[in-house]
>>> print(open('final-v5.cif').read())   # mmCIF, C-alpha atoms and all ligand atoms
data_protein
loop_
_atom_site.label_atom_id
_atom_site.label_comp_id
_atom_site.auth_asym_id
_atom_site.auth_seq_id
_atom_site.Cartn_x
_atom_site.Cartn_y
_atom_site.Cartn_z
CA MET Q 1 0.61 -8.18 -9.55
CA ASN Q 2 0.04 -4.63 -8.32
CA PHE Q 3 2.61 -2.88 -6.15
CA ASP Q 4 0.96 -3.24 -2.74
CA THR Q 5 0.39 -6.94 -3.38
CA ALA Q 6 3.97 -7.39 -4.58
CA LEU Q 7 5.16 -5.94 -1.26
CA LEU Q 8 3.43 -8.83 0.53
CA HIS Q 9 3.48 -11.72 -1.94
CA GLY Q 10 6.11 -10.84 -4.58
CA ASN Q 11 8.67 -13.57 -5.18
CA PHE Q 12 8.69 -15.12 -1.76
CA GLY Q 13 6.54 -17.25 0.49
CA THR Q 14 6.72 -18.08 4.15
CA ASP Q 15 10.06 -19.06 5.69
CA GLU Q 16 11.14 -22.47 4.35
CA THR Q 17 12.10 -24.02 7.67
CA THR Q 18 9.65 -22.45 10.09
CA GLY Q 19 6.71 -21.11 8.09
CA ALA Q 20 7.26 -17.66 9.61
CA THR Q 21 5.64 -14.92 7.52
CA LEU Q 22 8.82 -12.85 7.68
CA THR Q 23 12.22 -14.55 7.43
CA PRO Q 24 13.43 -14.66 11.06
CA VAL Q 25 16.56 -12.87 12.26
CA TYR Q 26 19.45 -15.25 11.67
CA GLN Q 27 21.71 -13.41 14.08
CA SER Q 28 24.70 -15.56 13.31
CA SER Q 29 28.14 -14.69 11.94
CA ALA Q 30 28.83 -18.09 10.43
CA PHE Q 31 26.98 -21.20 9.24
CA GLY Q 32 28.27 -24.75 9.72
CA GLN Q 33 27.93 -27.26 6.86
CA GLU Q 34 27.71 -31.05 7.00
CA SER Q 35 30.80 -31.70 4.90
CA ALA Q 36 34.01 -30.16 3.59
CA GLU Q 37 32.66 -30.81 0.09
CA LYS Q 38 29.53 -28.75 0.76
CA ILE Q 39 31.41 -25.75 2.12
CA GLU Q 40 33.84 -25.94 -0.80
CA LYS Q 41 30.86 -25.76 -3.18
CA ILE Q 42 29.32 -22.82 -1.31
CA PHE Q 43 32.62 -20.94 -1.44
CA ASN Q 44 32.85 -21.53 -5.17
CA ASN Q 45 29.27 -20.58 -5.99
CA GLN Q 46 28.45 -24.16 -6.99
CA ALA Q 47 25.86 -24.69 -4.26
CA ALA Q 48 23.34 -22.52 -2.51
CA GLY Q 49 23.97 -22.00 1.18
CA PHE Q 50 25.54 -19.73 3.71
CA ALA Q 51 29.08 -19.65 5.08
CA TYR Q 52 29.77 -16.29 6.71
CA SER Q 53 27.53 -13.23 7.18
CA ARG Q 54 30.01 -10.81 5.61
CA ILE Q 55 29.35 -12.72 2.36
CA SER Q 56 25.66 -13.55 2.75
CA ASN Q 57 23.05 -14.18 5.42
CA PRO Q 58 19.51 -15.63 5.15
CA THR Q 59 17.76 -12.60 6.70
CA VAL Q 60 19.71 -10.21 4.49
CA ALA Q 61 19.06 -12.42 1.44
CA ALA Q 62 15.29 -12.29 2.12
CA PHE Q 63 15.42 -8.48 2.06
CA GLU Q 64 17.52 -8.48 -1.13
CA LYS Q 65 15.08 -10.80 -2.86
CA ARG Q 66 12.12 -8.53 -2.16
CA ILE Q 67 13.88 -5.39 -3.39
CA THR Q 68 15.04 -7.18 -6.55
CA PHE Q 69 11.43 -8.02 -7.32
CA LEU Q 70 10.10 -4.54 -6.55
CA GLU Q 71 12.77 -2.78 -8.64
CA GLY Q 72 12.35 -5.34 -11.43
CA GLY Q 73 16.04 -6.27 -11.34
CA LEU Q 74 18.16 -9.38 -11.72
CA ALA Q 75 19.82 -9.40 -8.30
CA SER Q 76 20.53 -7.14 -5.32
CA VAL Q 77 23.24 -6.81 -2.72
CA ALA Q 78 22.25 -5.14 0.57
CA VAL Q 79 24.93 -3.18 2.40
CA SER Q 80 25.51 -1.26 5.63
CA SER Q 81 24.42 2.19 4.35
CA GLY Q 82 23.30 4.10 1.29
CA MET Q 83 26.80 5.57 1.06
CA ALA Q 84 28.29 2.05 1.17
CA ALA Q 85 25.98 1.14 -1.71
CA ILE Q 86 27.23 4.02 -3.87
CA THR Q 87 30.86 3.35 -2.90
CA ALA Q 88 30.65 -0.37 -3.63
CA ALA Q 89 28.80 0.13 -6.93
CA PHE Q 90 31.53 2.42 -8.25
CA LEU Q 91 34.52 0.53 -6.84
CA ASN Q 92 33.06 -2.58 -8.46
CA ILE Q 93 33.72 -1.20 -11.94
CA LEU Q 94 36.35 1.58 -11.66
CA LYS Q 95 40.12 1.89 -11.40
CA ALA Q 96 42.55 4.82 -11.17
CA GLY Q 97 42.36 6.94 -14.30
CA ASP Q 98 38.63 6.39 -14.81
CA GLU Q 99 36.05 9.16 -14.92
CA ILE Q 100 32.41 9.47 -13.86
CA ILE Q 101 29.81 11.99 -14.99
CA SER Q 102 27.20 12.96 -12.41
CA LYS Q 103 24.33 15.36 -12.20
CA SER Q 104 25.33 18.20 -9.88
CA SER Q 105 22.06 18.16 -7.94
CA ILE Q 106 22.94 15.16 -5.78
CA PHE Q 107 23.05 14.32 -2.10
CA GLY Q 108 25.87 16.12 -0.23
CA GLY Q 109 27.37 12.88 1.06
CA THR Q 110 27.73 11.60 -2.48
CA ILE Q 111 29.55 14.80 -3.54
CA ASP Q 112 31.93 14.22 -0.60
CA LEU Q 113 32.46 10.60 -1.70
CA PHE Q 114 33.28 11.68 -5.26
CA LYS Q 115 35.92 14.02 -3.78
CA ASP Q 116 37.42 11.08 -1.89
CA LEU Q 117 37.50 9.05 -5.10
CA GLU Q 118 39.71 11.77 -6.64
CA ASN Q 119 42.44 10.68 -4.21
CA LEU Q 120 42.21 7.22 -5.79
CA GLY Q 121 42.59 8.75 -9.25
CA ILE Q 122 38.89 8.68 -10.16
CA LYS Q 123 37.57 12.00 -11.44
CA THR Q 124 33.96 13.18 -11.45
CA HIS Q 125 32.57 15.73 -13.90
CA TYR Q 126 29.27 17.45 -13.11
CA VAL Q 127 26.42 18.39 -15.41
CA ALA Q 128 23.11 20.15 -14.71
CA GLU Q 129 21.11 17.96 -17.08
CA LEU Q 130 21.73 14.58 -18.70
CA ASN Q 131 21.45 15.72 -22.31
CA GLU Q 132 23.66 15.29 -25.41
CA GLU Q 133 24.99 18.85 -25.30
CA GLU Q 134 26.24 18.63 -21.75
CA LEU Q 135 27.50 15.04 -21.87
CA ARG Q 136 29.27 14.87 -25.22
CA PRO Q 137 32.17 17.27 -24.46
CA LEU Q 138 32.94 15.42 -21.20
CA ILE Q 139 33.02 11.90 -22.58
CA ASN Q 140 36.31 10.25 -23.46
CA GLU Q 141 37.77 6.73 -23.37
CA ASN Q 142 38.15 6.97 -19.56
CA THR Q 143 34.48 7.73 -18.94
CA LYS Q 144 32.93 4.65 -17.31
CA ALA Q 145 29.55 5.56 -15.84
CA VAL Q 146 26.88 8.25 -15.50
CA PHE Q 147 25.14 8.92 -12.19
CA ALA Q 148 21.99 10.77 -11.12
CA GLU Q 149 19.22 10.77 -8.55
CA THR Q 150 15.60 10.24 -9.61
CA ILE Q 151 14.52 13.26 -7.55
CA GLY Q 152 17.57 15.35 -6.61
CA ASN Q 153 17.97 15.74 -2.86
CA PRO Q 154 17.36 18.61 -2.06
CA LYS Q 155 17.11 20.45 -5.41
CA LEU Q 156 14.02 18.36 -6.22
CA ASP Q 157 14.85 18.34 -9.91
CA VAL Q 158 13.43 15.30 -11.66
CA THR Q 159 15.56 13.14 -13.92
CA ASP Q 160 13.78 12.03 -17.09
CA ILE Q 161 15.06 8.47 -16.70
CA LYS Q 162 14.04 7.14 -20.13
CA SER Q 163 15.49 10.07 -22.03
CA ALA Q 164 18.70 10.06 -19.95
CA ALA Q 165 19.13 6.29 -20.31
CA ASP Q 166 18.75 6.46 -24.11
CA ILE Q 167 21.39 9.20 -24.37
CA ILE Q 168 23.79 7.50 -21.95
CA HIS Q 169 23.44 4.16 -23.75
CA GLY Q 170 24.06 5.99 -27.01
CA PHE Q 171 27.53 6.76 -25.61
CA GLY Q 172 27.93 3.08 -24.63
CA LEU Q 173 27.89 3.83 -20.91
CA PRO Q 174 25.97 2.39 -17.93
CA PHE Q 175 23.43 4.55 -16.07
CA ILE Q 176 23.61 4.29 -12.26
CA LEU Q 177 20.53 5.79 -10.61
CA ASP Q 178 20.01 6.64 -6.95
CA ASN Q 179 16.29 6.02 -6.42
CA THR Q 180 16.25 6.78 -2.68
CA THR Q 181 13.93 9.78 -2.83
CA ALA Q 182 11.43 8.10 -5.16
CA THR Q 183 11.55 4.40 -4.20
CA PRO Q 184 10.14 1.72 -6.55
CA PHE Q 185 6.65 2.78 -5.43
CA ILE Q 186 6.97 5.99 -7.46
CA VAL Q 187 9.13 4.75 -10.30
CA LYS Q 188 11.03 1.65 -11.35
CA GLY Q 189 14.20 2.98 -12.95
CA ILE Q 190 15.12 -0.31 -14.60
CA SER Q 191 11.90 -0.38 -16.61
CA LEU Q 192 12.89 3.02 -18.02
CA GLY Q 193 16.46 1.99 -18.88
CA ALA Q 194 18.59 2.53 -15.76
CA ASP Q 195 21.25 -0.19 -15.39
CA ILE Q 196 22.06 -0.12 -11.68
CA ILE Q 197 19.69 1.14 -8.98
CA ILE Q 198 20.86 2.40 -5.61
CA ASN Q 199 18.51 2.80 -2.66
CA SER Q 200 19.42 4.15 0.74
CA SER Q 201 17.01 1.85 2.56
CA SER Q 202 17.62 3.93 5.69
CA LYS Q 203 14.92 6.22 4.34
CA TYR Q 204 11.46 5.31 2.97
CA ILE Q 205 12.09 1.57 2.59
CA ASN Q 206 12.80 1.10 6.28
CA GLY Q 207 10.27 3.82 6.97
CA SER Q 208 10.68 4.59 10.64
CA SER Q 209 14.40 5.39 10.84
CA ASN Q 210 15.50 2.42 12.88
CA SER Q 211 18.34 1.12 10.67
CA VAL Q 212 20.96 2.65 8.40
CA SER Q 213 21.37 0.54 5.27
CA GLY Q 214 21.57 0.54 1.51
CA ILE Q 215 20.98 -1.76 -1.41
CA ILE Q 216 22.32 -2.09 -4.95
CA THR Q 217 20.06 -3.65 -7.60
CA ASP Q 218 21.51 -4.77 -10.91
CA SER Q 219 19.28 -4.91 -13.99
CA GLY Q 220 21.66 -7.33 -15.72
CA ASN Q 221 21.14 -5.31 -18.90
CA TYR Q 222 24.47 -3.53 -19.33
CA LYS Q 223 27.08 -5.42 -21.39
CA TRP Q 224 30.30 -5.19 -19.36
CA THR Q 225 33.48 -5.89 -21.30
CA ALA Q 226 36.98 -6.63 -20.04
CA GLU Q 227 38.44 -4.05 -22.44
CA LYS Q 228 36.45 -1.19 -20.98
CA TYR Q 229 36.28 -2.51 -17.38
CA PRO Q 230 39.56 -4.38 -16.75
CA VAL Q 231 38.78 -4.75 -13.02
CA MET Q 232 35.82 -6.94 -14.02
CA ARG Q 233 37.92 -9.24 -16.22
CA GLU Q 234 37.46 -12.41 -14.16
CA TYR Q 235 33.70 -11.92 -13.92
CA ILE Q 236 32.74 -11.19 -17.53
CA LYS Q 237 32.13 -14.93 -17.98
CA PHE Q 238 29.08 -14.65 -15.74
CA GLY Q 239 27.31 -12.75 -18.54
CA LYS Q 240 24.39 -10.72 -17.27
CA PHE Q 241 25.38 -11.64 -13.70
CA ALA Q 242 28.89 -10.18 -14.13
CA PHE Q 243 28.31 -7.02 -12.07
CA THR Q 244 26.62 -8.82 -9.18
CA ALA Q 245 29.11 -11.70 -9.23
CA LYS Q 246 32.01 -9.27 -8.88
CA LEU Q 247 30.18 -7.29 -6.23
CA ARG Q 248 29.24 -10.27 -4.08
CA ASN Q 249 32.46 -12.24 -4.47
CA ASP Q 250 34.92 -9.40 -4.46
CA THR Q 251 34.07 -5.72 -3.86
CA TYR Q 252 31.37 -6.04 -1.19
CA ARG Q 253 32.93 -9.02 0.48
CA ASN Q 254 36.40 -7.48 0.66
CA ILE Q 255 35.36 -3.98 1.70
CA GLY Q 256 33.26 -5.64 4.39
CA CYS Q 257 30.24 -3.33 4.20
CA CYS Q 258 27.73 -6.05 5.08
CA LEU Q 259 24.28 -5.36 6.51
CA SER Q 260 23.43 -6.76 9.93
CA PRO Q 261 20.65 -9.40 9.98
CA MET Q 262 18.66 -7.40 12.51
CA ASN Q 263 18.68 -4.29 10.31
CA ALA Q 264 17.72 -6.36 7.27
CA PHE Q 265 14.77 -7.71 9.25
CA PHE Q 266 13.63 -4.19 10.20
CA ASN Q 267 13.88 -3.19 6.53
CA THR Q 268 11.74 -6.11 5.37
CA LEU Q 269 9.22 -5.34 8.06
CA GLY Q 270 9.07 -1.68 7.03
CA LEU Q 271 8.98 -2.54 3.34
CA GLU Q 272 5.63 -4.31 3.67
CA THR Q 273 3.90 -0.97 4.29
CA LEU Q 274 5.92 1.08 1.77
CA GLY Q 275 2.95 1.57 -0.57
CA LEU Q 276 0.59 2.77 2.15
CA ARG Q 277 3.17 5.10 3.58
CA MET Q 278 4.30 6.52 0.24
CA GLU Q 279 0.74 7.34 -0.76
CA ARG Q 280 0.34 9.38 2.41
CA HIS Q 281 3.82 10.96 2.19
CA CYS Q 282 3.07 12.07 -1.38
CA SER Q 283 -0.45 13.40 -0.77
CA ASN Q 284 0.64 15.19 2.43
CA ALA Q 285 3.62 16.77 0.65
CA LEU Q 286 1.52 17.99 -2.28
CA ASN Q 287 -1.10 19.36 0.11
CA LEU Q 288 1.49 21.17 2.24
CA ALA Q 289 3.26 22.57 -0.84
CA GLN Q 290 0.01 23.92 -2.26
CA VAL Q 291 -0.95 25.58 1.02
CA LEU Q 292 2.51 27.08 1.61
CA GLU Q 293 2.47 28.58 -1.89
CA GLN Q 294 -0.48 30.75 -0.86
CA LEU Q 295 1.13 32.12 2.32
CA LYS Q 296 3.02 35.40 2.77
CA GLY Q 297 6.67 35.39 3.79
CA ILE Q 298 7.81 32.45 1.66
CA LYS Q 299 10.07 33.33 -1.26
CA GLU Q 300 9.73 29.99 -3.00
CA VAL Q 301 8.12 26.57 -2.57
CA ASN Q 302 9.66 23.70 -4.52
CA TYR Q 303 7.84 20.44 -5.12
CA PRO Q 304 7.95 18.45 -8.37
CA LEU Q 305 4.15 18.31 -8.73
CA LEU Q 306 3.55 22.04 -8.24
CA ILE Q 307 2.62 23.58 -11.57
CA THR Q 308 5.25 26.27 -10.87
CA SER Q 309 8.04 23.64 -10.71
CA PRO Q 310 10.29 23.57 -13.78
CA TYR Q 311 10.14 19.77 -13.43
CA TYR Q 312 6.35 19.53 -13.35
CA GLY Q 313 6.06 18.08 -16.86
CA THR Q 314 8.67 15.37 -16.32
CA ALA Q 315 7.30 14.56 -12.88
CA LYS Q 316 3.72 14.25 -14.13
CA LYS Q 317 4.74 12.06 -17.07
CA GLN Q 318 7.03 9.81 -15.05
CA PHE Q 319 5.37 9.70 -11.63
CA GLY Q 320 1.67 10.33 -12.23
CA GLU Q 321 0.04 11.49 -9.00
CA ASN Q 322 2.93 10.78 -6.63
CA GLY Q 323 5.63 13.46 -6.51
CA GLY Q 324 7.50 12.17 -3.48
CA GLY Q 325 7.52 13.22 0.16
CA ILE Q 326 10.06 16.05 0.07
CA LEU Q 327 9.59 19.74 -0.53
CA THR Q 328 11.75 22.77 0.10
CA ILE Q 329 10.93 26.35 1.03
CA ARG Q 330 12.98 29.53 0.93
CA LEU Q 331 12.32 32.09 3.64
CA TYR Q 332 14.45 35.06 2.40
CA THR Q 333 17.13 34.89 5.13
CA LYS Q 334 19.03 32.33 7.17
CA GLN Q 335 17.79 34.06 10.33
CA ARG Q 336 14.17 33.52 9.31
CA ALA Q 337 14.90 29.93 8.30
CA PHE Q 338 16.47 29.15 11.69
CA ALA Q 339 13.66 30.89 13.60
CA PHE Q 340 11.09 28.94 11.58
CA ILE Q 341 12.74 25.59 12.32
CA ASN Q 342 13.02 26.44 16.01
CA ARG Q 343 9.36 27.41 16.19
CA LEU Q 344 7.91 24.22 14.65
CA LYS Q 345 6.16 22.00 17.15
CA TYR Q 346 5.77 18.65 15.40
CA ALA Q 347 8.40 18.75 12.66
CA ILE Q 348 11.69 17.48 14.05
CA ASN Q 349 14.93 19.34 13.28
CA ILE Q 350 17.05 16.42 12.06
CA THR Q 351 19.26 15.27 9.21
CA ASN Q 352 17.15 12.55 7.65
CA ILE Q 353 14.33 11.93 5.17
CA GLY Q 354 11.70 9.27 4.74
CA ASP Q 355 10.65 8.91 8.36
CA THR Q 356 6.99 8.47 9.29
CA LYS Q 357 7.34 11.79 11.15
CA THR Q 358 7.76 15.18 9.48
CA LEU Q 359 11.39 16.27 9.49
CA VAL Q 360 13.06 19.58 8.64
CA ILE Q 361 16.69 20.61 8.14
CA HIS Q 362 18.71 23.62 7.04
CA PRO Q 363 20.92 21.87 4.44
CA SER Q 364 23.39 24.72 3.84
CA SER Q 365 24.75 24.67 7.42
CA THR Q 366 24.63 20.89 7.85
CA ILE Q 367 24.65 18.34 5.00
CA TYR Q 368 26.40 20.81 2.67
CA ALA Q 369 28.73 22.27 5.32
CA HIS Q 370 31.71 20.74 3.43
CA SER Q 371 30.59 22.01 0.03
CA THR Q 372 31.87 25.12 -1.74
CA ALA Q 373 29.55 28.02 -2.54
CA GLU Q 374 29.52 26.89 -6.18
CA GLU Q 375 28.64 23.29 -5.28
CA LYS Q 376 25.83 24.53 -3.04
CA GLU Q 377 24.44 26.73 -5.77
CA LYS Q 378 24.49 23.85 -8.28
CA ALA Q 379 22.81 21.55 -5.79
CA GLY Q 380 20.11 24.17 -5.22
CA VAL Q 381 21.19 24.79 -1.61
CA TYR Q 382 20.68 28.37 -0.44
CA ASP Q 383 21.17 30.05 2.93
CA ASP Q 384 17.43 30.57 3.38
CA LEU Q 385 16.41 27.06 2.26
CA ILE Q 386 14.66 24.52 4.49
CA ARG Q 387 14.14 20.95 3.37
CA VAL Q 388 10.98 19.28 4.61
CA SER Q 389 10.50 15.52 4.60
CA VAL Q 390 6.76 15.33 5.02
CA GLY Q 391 5.57 12.56 7.33
CA ILE Q 392 2.37 10.56 7.48
CA GLU Q 393 0.69 12.56 10.25
CA ASP Q 394 -2.83 13.95 9.85
CA ILE Q 395 -2.04 16.79 7.46
CA ARG Q 396 -4.29 19.23 9.32
CA ASP Q 397 -1.88 19.22 12.27
CA ILE Q 398 1.15 19.71 10.02
CA LEU Q 399 -0.56 22.58 8.19
CA ASP Q 400 -1.39 24.25 11.51
CA ASP Q 401 2.18 23.77 12.71
CA PHE Q 402 3.70 25.36 9.59
CA ARG Q 403 1.18 28.22 9.61
CA GLN Q 404 1.88 29.17 13.24
CA ALA Q 405 5.66 29.00 12.73
CA LEU Q 406 5.40 31.23 9.66
CA GLU Q 407 3.18 33.75 11.45
CA TYR Q 408 5.71 33.94 14.25
CA VAL Q 409 8.64 34.45 11.88
CA ASN Q 410 6.78 37.05 9.84
CA SER Q 411 6.00 39.07 12.94
CA GLU Q 412 9.44 38.76 14.58
CA PHE Q 413 11.59 38.99 11.45
CA PRO Q 414 9.57 40.76 8.77
CA THR Q 415 10.82 40.49 5.20
CA GLY Q 416 10.07 44.12 4.46
CA GLU Q 417 8.00 43.02 1.45
C1 LIG A 501 20.51 9.50 2.59
C2 LIG A 501 20.87 9.39 1.17
C3 LIG A 501 22.02 8.68 0.78
C4 LIG A 501 22.95 8.05 1.78
O1 LIG A 501 22.32 7.04 2.50
P1 LIG A 501 22.79 6.56 3.96
O2 LIG A 501 21.96 5.36 4.20
O3 LIG A 501 22.54 7.68 4.90
O4 LIG A 501 24.26 6.24 3.87
C5 LIG A 501 22.29 8.58 -0.56
N1 LIG A 501 21.49 9.15 -1.48
C6 LIG A 501 20.40 9.86 -1.15
C7 LIG A 501 19.56 10.46 -2.22
C8 LIG A 501 20.05 10.00 0.19
O5 LIG A 501 18.97 10.72 0.52
#
>>> encode(input="final-v5.cif", output="structure tokens", more="lines below")
Ligand SMILES: *Cc1c(COP(=O)(O)O)cnc(C)c1O
Amino acid sequence: MNFDTALLHGNFGTDETTGATLTPVYQSSAFGQESAEKIEKIFNNQAAGFAYSRISNPTVAAFEKRITFLEGGLASVAVSSGMAAITAAFLNILKAGDEIISKSSIFGGTIDLFKDLENLGIKTHYVAELNEEELRPLINENTKAVFAETIGNPKLDVTDIKSAADIIHGFGLPFILDNTTATPFIVKGISLGADIIINSSSKYINGSSNSVSGIITDSGNYKWTAEKYPVMREYIKFGKFAFTAKLRNDTYRNIGCCLSPMNAFFNTLGLETLGLRMERHCSNALNLAQVLEQLKGIKEVNYPLLITSPYYGTAKKQFGENGGGILTIRLYTKQRAFAFINRLKYAINITNIGDTKTLVIHPSSTIYAHSTAEEKEKAGVYDDLIRVSVGIEDIRDILDDFRQALEYVNSEFPTGE
């Protein structure tokens, strides 16, 4: 089944009780059962069914099922945000004294989370690339997982998933991949060896920015052991379901980061058009990047599928024609960057990506406001950098908008080039 068909017919049919083409919104906190025996079985995972929406909910389950199919995983757990997904995935396997290795070019919120985890005794080491040379010196008996983003937000570096997974598995570790910026439309991380996939479904999956949410998809491929992951001891018996069983029955349920049924419904609704939207996001972004490269007053244009990108080869090999919907530009100074943002007519100045509308942000003064100069540099965040999440508008209008803003900035604040 091809991707656009899978979005509509994957592993699900119409709603079992009503025939509705999308599972309706079961806006209910709890679900009554006909007998004490039945609810006992549900609580003990011996029968299918629903008890309480912090544990599971039919509308949320319908969304999880679709993402599991699209990512090619074993099971998914949907949560209240992308950050909750990353938090729950790590707390599911780690304890004080453990260590993580992460690429440094990751989302600012995730860097902040890894700082918080230090207070719980969990240390993160950063590397620029997931290769033997960088990883080997950092790995010891406390190292428990390696983390990266498919396309770093906003550095736009591309992780070679297959190569990274092989190296990480060579060290006996699981590979946790944040696929938010790519989505399963561009690449399915599990098919290339990633063990756990994170998606902030607030972004492209939802598509029109109406719900904050996240989802964790387990491949079932990593062999968890009680020796290495003592917090998982009770769940090892579930075999390939160990990670999800612990997540659903313990971490997710006890943290309480459940997704609301209404937001799950909006996500499923948005998901059905993911392929159509991503095609347009990707072609618009490539088009805009290529045009901006030719204009005066721009120091640098970054987009994975520009031949000038250091990640062009990996992007082409792994993604084919679709390099994602995000690009960044550098305008020489912060003053020019601010003036440019203020001058844009259609592009909205906002901290978000993956909306149908074109969005821009100055990451250094916003998302990375809590980061040190060194962290910013490693994440590819500079004072003159603007991140653009290219929408699905008619590209001619977006091109005009960017051209007029640049002309204005060049005349008011010349670079002196
Ligand atoms: C937005 C984002 C997150 C966090 O997701 P929320 O839904 O906002 O909590 C995590 N990773 C990446 C790559 C993101 O872009």
>>> residues_near_ligand(input="final-v5.cif", ligand="ligand LIG 501 (chain A)", cutoff="9 Å", atoms="only C-alpha atoms and all ligand atoms", output="PyMOL selection string")
chain Q and resi 80-86+106-110+149-154+178-182+198-203+211-214+351-354
>>> closest_residue(input="final-v5.cif", among="Q:Leu288, Q:Ala47, Q:Ala165, Q:Val231", to="Phe90 (chain Q)", atoms="only C-alpha atoms")
Q:Val231
>>> atom_distance(input="final-v5.cif", atom1="CA of Leu259 (chain Q)", atom2="CA of Ala78 (chain Q)")
6.3 Å
>>> residues_around(input="final-v5.cif", residues="region 157-164 of chain Q", least_positions_apart="4", cutoff="9 Å", atoms="all atoms listed in the file", output="PyMOL selection string")
chain Q and resi 105+129-131+148-153+168-169+175+177+189+191-194+303-304+309-312+314-315+318
>>> atom_distance(input="final-v5.cif", atom1="CA of Leu22 (chain Q)", atom2="CA of Ile216 (chain Q)")
21.4 Å
>>> closest_residue(input="final-v5.cif", among="Q:Glu16, Q:Asp195, Q:Glu279, Q:Glu374", to="Lys240 (chain Q)", atoms="all atoms listed in the file")
Q:Asp195
>>> residues_near_point(input="final-v5.cif", point="(23.8, -5.7, -11.7)", cutoff="9 Å", atoms="only C-alpha atoms", output="number ranges by chain")
Q: 73-76, 195-197, 216-222, 240-245, 247
>>> residues_near_point(input="final-v5.cif", point="(2.9, 2.2, 0.9)", cutoff="10 Å", atoms="all atoms listed in the file", output="PyMOL selection string")
chain Q and resi 3-4+7+185+204-205+207+270-281
>>> atom_distance(input="final-v5.cif", atom1="CA of Lys38 (chain Q)", atom2="CA of Phe63 (chain Q)")
24.7 Å
>>> residues_around(input="final-v5.cif", residues="region 377-392 of chain Q", least_positions_apart="4", cutoff="6 Å", atoms="all atoms listed in the file", output="PDB file with C-alpha atoms, in the coordinates of the input")
ATOM      1  CA  SER Q 104      25.330  18.200  -9.880  1.00  0.00           C
ATOM      2  CA  SER Q 105      22.060  18.160  -7.940  1.00  0.00           C
ATOM      3  CA  LYS Q 155      17.110  20.450  -5.410  1.00  0.00           C
ATOM      4  CA  ARG Q 280       0.340   9.380   2.410  1.00  0.00           C
ATOM      5  CA  HIS Q 281       3.820  10.960   2.190  1.00  0.00           C
ATOM      6  CA  ALA Q 285       3.620  16.770   0.650  1.00  0.00           C
ATOM      7  CA  GLY Q 325       7.520  13.220   0.160  1.00  0.00           C
ATOM      8  CA  ILE Q 326      10.060  16.050   0.070  1.00  0.00           C
ATOM      9  CA  LEU Q 327       9.590  19.740  -0.530  1.00  0.00           C
ATOM     10  CA  THR Q 328      11.750  22.770   0.100  1.00  0.00           C
ATOM     11  CA  ILE Q 329      10.930  26.350   1.030  1.00  0.00           C
ATOM     12  CA  ARG Q 330      12.980  29.530   0.930  1.00  0.00           C
ATOM     13  CA  LEU Q 331      12.320  32.090   3.640  1.00  0.00           C
ATOM     14  CA  TYR Q 332      14.450  35.060   2.400  1.00  0.00           C
ATOM     15  CA  THR Q 333      17.130  34.890   5.130  1.00  0.00           C
ATOM     16  CA  LYS Q 334      19.030  32.330   7.170  1.00  0.00           C
ATOM     17  CA  ALA Q 337      14.900  29.930   8.300  1.00  0.00           C
ATOM     18  CA  ILE Q 353      14.330  11.930   5.170  1.00  0.00           C
ATOM     19  CA  THR Q 356       6.990   8.470   9.290  1.00  0.00           C
ATOM     20  CA  LYS Q 357       7.340  11.790  11.150  1.00  0.00           C
ATOM     21  CA  THR Q 358       7.760  15.180   9.480  1.00  0.00           C
ATOM     22  CA  LEU Q 359      11.390  16.270   9.490  1.00  0.00           C
ATOM     23  CA  VAL Q 360      13.060  19.580   8.640  1.00  0.00           C
ATOM     24  CA  ILE Q 361      16.690  20.610   8.140  1.00  0.00           C
ATOM     25  CA  HIS Q 362      18.710  23.620   7.040  1.00  0.00           C
ATOM     26  CA  SER Q 364      23.390  24.720   3.840  1.00  0.00           C
TER      27      SER Q 364
END
>>> closest_residue(input="final-v5.cif", among="Q:His9, Q:Lys188, Q:Arg403, Q:Lys317", to="Leu305 (chain Q)", atoms="only C-alpha atoms")
Q:Lys317
>>> closest_residue(input="final-v5.cif", among="Q:Asn45, Q:Cys258, Q:Lys103, Q:Ile367", to="Ala128 (chain Q)", atoms="all atoms listed in the file")
Q:Lys103
>>> closest_atom_pairs(input="final-v5.cif", of="region 263-344 of chain Q", to="region 406-410 of chain Q", cutoff="9 Å", atoms="all atoms listed in the file", output="JSON lines")
{"residue": "Q:Leu295", "atom": "CA", "partner": "Q:Leu406", "partner_atom": "CA", "distance": 8.5}
{"residue": "Q:Lys296", "atom": "CA", "partner": "Q:Asn410", "partner_atom": "CA", "distance": 8.2}
{"residue": "Q:Gly297", "atom": "CA", "partner": "Q:Asn410", "partner_atom": "CA", "distance": 6.3}
{"residue": "Q:Ile298", "atom": "CA", "partner": "Q:Leu406", "partner_atom": "CA", "distance": 8.4}
{"residue": "Q:Arg336", "atom": "CA", "partner": "Q:Val409", "partner_atom": "CA", "distance": 6.2}
{"residue": "Q:Ala337", "atom": "CA", "partner": "Q:Val409", "partner_atom": "CA", "distance": 8.5}
{"residue": "Q:Ala339", "atom": "CA", "partner": "Q:Val409", "partner_atom": "CA", "distance": 6.4}
{"residue": "Q:Phe340", "atom": "CA", "partner": "Q:Val409", "partner_atom": "CA", "distance": 6.0}
{"residue": "Q:Arg343", "atom": "CA", "partner": "Q:Tyr408", "partner_atom": "CA", "distance": 7.7}
{"residue": "Q:Leu344", "atom": "CA", "partner": "Q:Leu406", "partner_atom": "CA", "distance": 9.0}
>>> closest_residue(input="final-v5.cif", among="Q:Ile307, Q:Ala20, Q:Val79, Q:Met232", to="Ile215 (chain Q)", atoms="only C-alpha atoms")
Q:Val79
>>> closest_residue(input="final-v5.cif", among="Q:Ala347, Q:Leu156, Q:Leu91, Q:Ile101", to="Asn142 (chain Q)", atoms="all atoms listed in the file")
Q:Ile101
